[in-house]
>>> print(open('upload-v3.json').read())   # JSON, C-alpha atoms
[["chain", "number", "residue", "atom", "x", "y", "z"],
["A", 1, "MET", "CA", 88.66, -64.02, -27.39],
["A", 2, "SER", "CA", 90.16, -60.76, -28.44],
["A", 3, "VAL", "CA", 88.32, -57.47, -28.02],
["A", 4, "ARG", "CA", 89.29, -54.28, -29.85],
["A", 5, "ILE", "CA", 87.53, -51.05, -28.92],
["A", 6, "SER", "CA", 87.67, -48.04, -31.21],
["A", 7, "GLY", "CA", 85.72, -44.91, -31.97],
["A", 8, "ASP", "CA", 85.69, -41.32, -30.77],
["A", 9, "THR", "CA", 86.35, -40.04, -27.25],
["A", 10, "LEU", "CA", 83.57, -42.20, -25.79],
["A", 11, "ALA", "CA", 85.67, -45.27, -26.58],
["A", 12, "LEU", "CA", 88.30, -43.98, -24.16],
["A", 13, "ASP", "CA", 85.91, -43.78, -21.21],
["A", 14, "ARG", "CA", 87.07, -46.32, -18.59],
["A", 15, "LYS", "CA", 83.54, -47.06, -17.43],
["A", 16, "LEU", "CA", 82.43, -47.96, -20.95],
["A", 17, "VAL", "CA", 85.57, -50.03, -21.59],
["A", 18, "ARG", "CA", 84.92, -52.04, -18.41],
["A", 19, "ARG", "CA", 81.30, -52.56, -19.46],
["A", 20, "VAL", "CA", 82.32, -53.79, -22.93],
["A", 21, "ASN", "CA", 84.95, -56.15, -21.51],
["A", 22, "ARG", "CA", 82.50, -57.55, -18.95],
["A", 23, "LEU", "CA", 79.82, -58.19, -21.59],
["A", 24, "ALA", "CA", 82.39, -59.74, -23.95],
["A", 25, "GLU", "CA", 83.57, -62.03, -21.14],
["A", 26, "ASP", "CA", 79.97, -63.10, -20.50],
["A", 27, "ILE", "CA", 79.54, -64.03, -24.16],
["A", 28, "SER", "CA", 82.81, -65.96, -24.24],
["A", 29, "GLN", "CA", 81.78, -67.92, -21.14],
["A", 30, "ALA", "CA", 78.42, -68.74, -22.72],
["A", 31, "ALA", "CA", 80.16, -70.31, -25.73],
["A", 32, "PRO", "CA", 83.61, -71.48, -24.59],
["A", 33, "ASP", "CA", 84.07, -73.84, -27.56],
["A", 34, "SER", "CA", 83.98, -71.11, -30.23],
["A", 35, "GLN", "CA", 86.79, -68.66, -31.02],
["A", 36, "LEU", "CA", 85.43, -65.12, -31.25],
["A", 37, "ASP", "CA", 87.22, -61.92, -32.26],
["A", 38, "LEU", "CA", 85.24, -58.82, -31.42],
["A", 39, "GLN", "CA", 85.58, -55.27, -32.73],
["A", 40, "VAL", "CA", 83.57, -52.59, -30.94],
["A", 41, "ARG", "CA", 83.10, -49.10, -32.40],
["A", 42, "ILE", "CA", 81.50, -46.42, -30.25],
["A", 43, "ALA", "CA", 80.70, -43.08, -31.83],
["A", 44, "GLU", "CA", 78.43, -40.11, -31.32],
["A", 45, "GLU", "CA", 76.17, -39.09, -34.17],
["A", 46, "PHE", "CA", 73.55, -36.49, -34.90],
["A", 47, "ASP", "CA", 70.28, -37.44, -36.50],
["A", 48, "GLN", "CA", 67.90, -34.74, -37.76],
["A", 49, "LEU", "CA", 64.88, -36.51, -36.31],
["A", 50, "ARG", "CA", 66.24, -37.91, -33.07],
["A", 51, "GLY", "CA", 69.04, -35.52, -32.15],
["A", 52, "HIS", "CA", 72.33, -36.63, -30.58],
["A", 53, "ARG", "CA", 72.74, -40.37, -30.16],
["A", 54, "VAL", "CA", 75.48, -42.86, -29.42],
["A", 55, "ARG", "CA", 76.01, -45.64, -31.96],
["A", 56, "CYS", "CA", 77.57, -48.95, -30.95],
["A", 57, "GLU", "CA", 78.65, -51.29, -33.73],
["A", 58, "LEU", "CA", 79.84, -54.83, -32.99],
["A", 59, "VAL", "CA", 81.67, -56.90, -35.57],
["A", 60, "ALA", "CA", 82.16, -60.46, -34.38],
["A", 61, "THR", "CA", 84.41, -62.71, -36.46],
["A", 62, "LEU", "CA", 83.91, -66.41, -35.76],
["A", 63, "SER", "CA", 86.40, -69.19, -36.29],
["A", 64, "ALA", "CA", 84.65, -70.41, -39.46],
["A", 65, "LYS", "CA", 85.35, -67.06, -41.19],
["A", 66, "ARG", "CA", 81.81, -65.91, -40.52],
["A", 67, "GLN", "CA", 80.96, -62.41, -39.42],
["A", 68, "ILE", "CA", 78.09, -61.09, -37.38],
["A", 69, "ILE", "CA", 77.46, -57.33, -37.42],
["A", 70, "VAL", "CA", 75.16, -55.64, -34.92],
["A", 71, "ARG", "CA", 74.44, -51.90, -34.86],
["A", 72, "GLU", "CA", 72.46, -50.05, -32.20],
["A", 73, "ALA", "CA", 71.94, -46.36, -31.45],
["A", 74, "HIS", "CA", 70.48, -44.87, -28.27],
["A", 75, "LYS", "CA", 70.61, -41.65, -26.29],
["A", 76, "LYS", "CA", 72.90, -43.16, -23.65],
["A", 77, "ALA", "CA", 76.08, -45.08, -24.43],
["A", 78, "GLU", "CA", 75.31, -47.75, -21.83],
["A", 79, "ASP", "CA", 71.94, -48.50, -23.43],
["A", 80, "ALA", "CA", 73.49, -48.75, -26.90],
["A", 81, "ILE", "CA", 76.21, -51.13, -25.69],
["A", 82, "ASP", "CA", 73.80, -53.35, -23.74],
["A", 83, "THR", "CA", 71.34, -53.57, -26.64],
["A", 84, "ALA", "CA", 74.09, -54.34, -29.16],
["A", 85, "PHE", "CA", 75.49, -57.16, -27.01],
["A", 86, "GLY", "CA", 71.96, -58.50, -26.51],
["A", 87, "GLY", "CA", 71.50, -58.58, -30.28],
["A", 88, "LEU", "CA", 74.85, -60.32, -30.71],
["A", 89, "ARG", "CA", 73.89, -62.96, -28.16],
["A", 90, "ILE", "CA", 70.63, -63.66, -30.06],
["A", 91, "LYS", "CA", 72.41, -63.90, -33.42],
["A", 92, "LEU", "CA", 75.06, -66.26, -31.99],
["A", 93, "ARG", "CA", 72.32, -68.49, -30.55],
["A", 94, "ARG", "CA", 70.51, -68.59, -33.90],
["A", 95, "MET", "CA", 73.73, -69.45, -35.72],
["A", 96, "ARG", "CA", 74.45, -72.25, -33.24],
["A", 97, "ILE", "CA", 70.94, -73.69, -33.70],
["A", 98, "ARG", "CA", 71.31, -73.59, -37.50],
["A", 99, "SER", "CA", 74.68, -75.35, -37.35],
["A", 100, "LEU", "CA", 73.19, -78.06, -35.11],
["A", 101, "GLY", "CA", 70.35, -78.50, -37.61],
["A", 102, "LYS", "CA", 72.78, -78.90, -40.49],
["A", 103, "ALA", "CA", 74.86, -81.42, -38.54],
["A", 104, "GLY", "CA", 71.73, -83.47, -37.77],
["A", 105, "ALA", "CA", 70.61, -83.41, -41.41],
["A", 106, "GLY", "CA", 74.04, -84.59, -42.51],
["A", 107, "ASP", "CA", 73.76, -87.68, -40.29],
["A", 108, "GLY", "CA", 70.51, -88.71, -41.91],
["A", 109, "LEU", "CA", 68.41, -87.78, -38.90],
["A", 110, "ARG", "CA", 64.90, -86.55, -39.55],
["A", 111, "ALA", "CA", 62.36, -84.95, -37.33],
["A", 112, "THR", "CA", 58.97, -86.57, -37.48],
["A", 113, "GLY", "CA", 55.74, -85.29, -36.05],
["A", 114, "THR", "CA", 52.66, -86.95, -34.76]]
>>> encode(input="upload-v3.json", output="structure tokens")
Amino acid sequence: MSVRISGDTLALDRKLVRRVNRLAEDISQAAPDSQLDLQVRIAEEFDQLRGHRVRCELVATLSAKRQIIVREAHKKAEDAIDTAFGGLRIKLRRMRIRSLGKAGAGDGLRATGT
């Protein structure tokens, strides 16, 4: 897994970089069979309604040339990063379940109910 962190000055914060690397390592350990390239963008933004916020955008490129994009914005950078990685984990799980369903359908297996 390769992780590339970019963005404004928040992306240079060592604490945030360690947090991103730790969460990326957790995801790679959860799915060791899949190759995952991860781009993380951290930026501050100003919203008229909500004020200053930190936006975390994750772009995960999978080995099958698929991309998953997750965007989250919160008041604190740590909350935005944690929520974005949580969303990525959910989307990866859903994609894995769909691919298992397609593989089962290709083998002629059918689910039957009682």
>>> residues_around(input="upload-v3.json", residues="stretch 30-38 of chain A", least_positions_apart="4", cutoff="6 Å", atoms="only C-alpha atoms", output="PDB file with C-alpha atoms, in the coordinates of the input")
ATOM      1  CA  MET A   1      88.660 -64.020 -27.390  1.00  0.00           C
ATOM      2  CA  SER A   2      90.160 -60.760 -28.440  1.00  0.00           C
ATOM      3  CA  VAL A   3      88.320 -57.470 -28.020  1.00  0.00           C
ATOM      4  CA  VAL A  59      81.670 -56.900 -35.570  1.00  0.00           C
ATOM      5  CA  ALA A  60      82.160 -60.460 -34.380  1.00  0.00           C
ATOM      6  CA  THR A  61      84.410 -62.710 -36.460  1.00  0.00           C
ATOM      7  CA  LEU A  62      83.910 -66.410 -35.760  1.00  0.00           C
ATOM      8  CA  SER A  63      86.400 -69.190 -36.290  1.00  0.00           C
TER       9      SER A  63
END
>>> closest_residue(input="upload-v3.json", among="A:Ile97, A:Ala64, A:Arg50, A:Ala11", to="A:Ala77", atoms="only C-alpha atoms")
A:Ala11
>>> closest_residue(input="upload-v3.json", among="A:Asp47, A:Ile42, A:Arg71, A:Arg89", to="A:Asp13", atoms="all atoms listed in the file")
A:Ile42
>>> atom_distance(input="upload-v3.json", atom1="atom CA of A:Gly87", atom2="atom CA of A:Thr9")
23.9 Å
>>> residues_around(input="upload-v3.json", residues="A:Gly7", least_positions_apart="5", cutoff="9 Å", atoms="all atoms listed in the file", output="PyMOL selection string")
chain A and resi 12+40-44
>>> atom_distance(input="upload-v3.json", atom1="atom CA of A:Arg96", atom2="atom CA of A:Ile5")
25.3 Å
>>> residues_around(input="upload-v3.json", residues="A:Arg53", least_positions_apart="2", cutoff="8 Å", atoms="all atoms listed in the file", output="PyMOL selection string")
chain A and resi 44-47+50-51+55+73-76
>>> write_last_selection(input="upload-v3.json", atoms="C-alpha atoms", output="mmCIF file, in the frame of the given file")
data_model
loop_
_atom_site.group_PDB
_atom_site.id
_atom_site.type_symbol
_atom_site.label_atom_id
_atom_site.label_comp_id
_atom_site.auth_asym_id
_atom_site.auth_seq_id
_atom_site.Cartn_x
_atom_site.Cartn_y
_atom_site.Cartn_z
ATOM 1 C CA GLU A 44 78.430 -40.110 -31.320
ATOM 2 C CA GLU A 45 76.170 -39.090 -34.170
ATOM 3 C CA PHE A 46 73.550 -36.490 -34.900
ATOM 4 C CA ASP A 47 70.280 -37.440 -36.500
ATOM 5 C CA ARG A 50 66.240 -37.910 -33.070
ATOM 6 C CA GLY A 51 69.040 -35.520 -32.150
ATOM 7 C CA ARG A 55 76.010 -45.640 -31.960
ATOM 8 C CA ALA A 73 71.940 -46.360 -31.450
ATOM 9 C CA HIS A 74 70.480 -44.870 -28.270
ATOM 10 C CA LYS A 75 70.610 -41.650 -26.290
ATOM 11 C CA LYS A 76 72.900 -43.160 -23.650
#
>>> closest_residue(input="upload-v3.json", among="A:Leu10, A:Val54, A:Leu88, A:Arg93", to="A:Ala24", atoms="all atoms listed in the file")
A:Leu88
>>> atom_distance(input="upload-v3.json", atom1="atom CA of A:Asp79", atom2="atom CA of A:Arg14")
16.0 Å
>>> closest_residue(input="upload-v3.json", among="A:Glu78, A:Leu100, A:Ile69, A:Arg94", to="A:Arg18", atoms="all atoms listed in the file")
A:Glu78
>>> closest_residue(input="upload-v3.json", among="A:Gln48, A:Gln39, A:Ser99, A:Asn21", to="A:Asp82", atoms="only C-alpha atoms")
A:Asn21
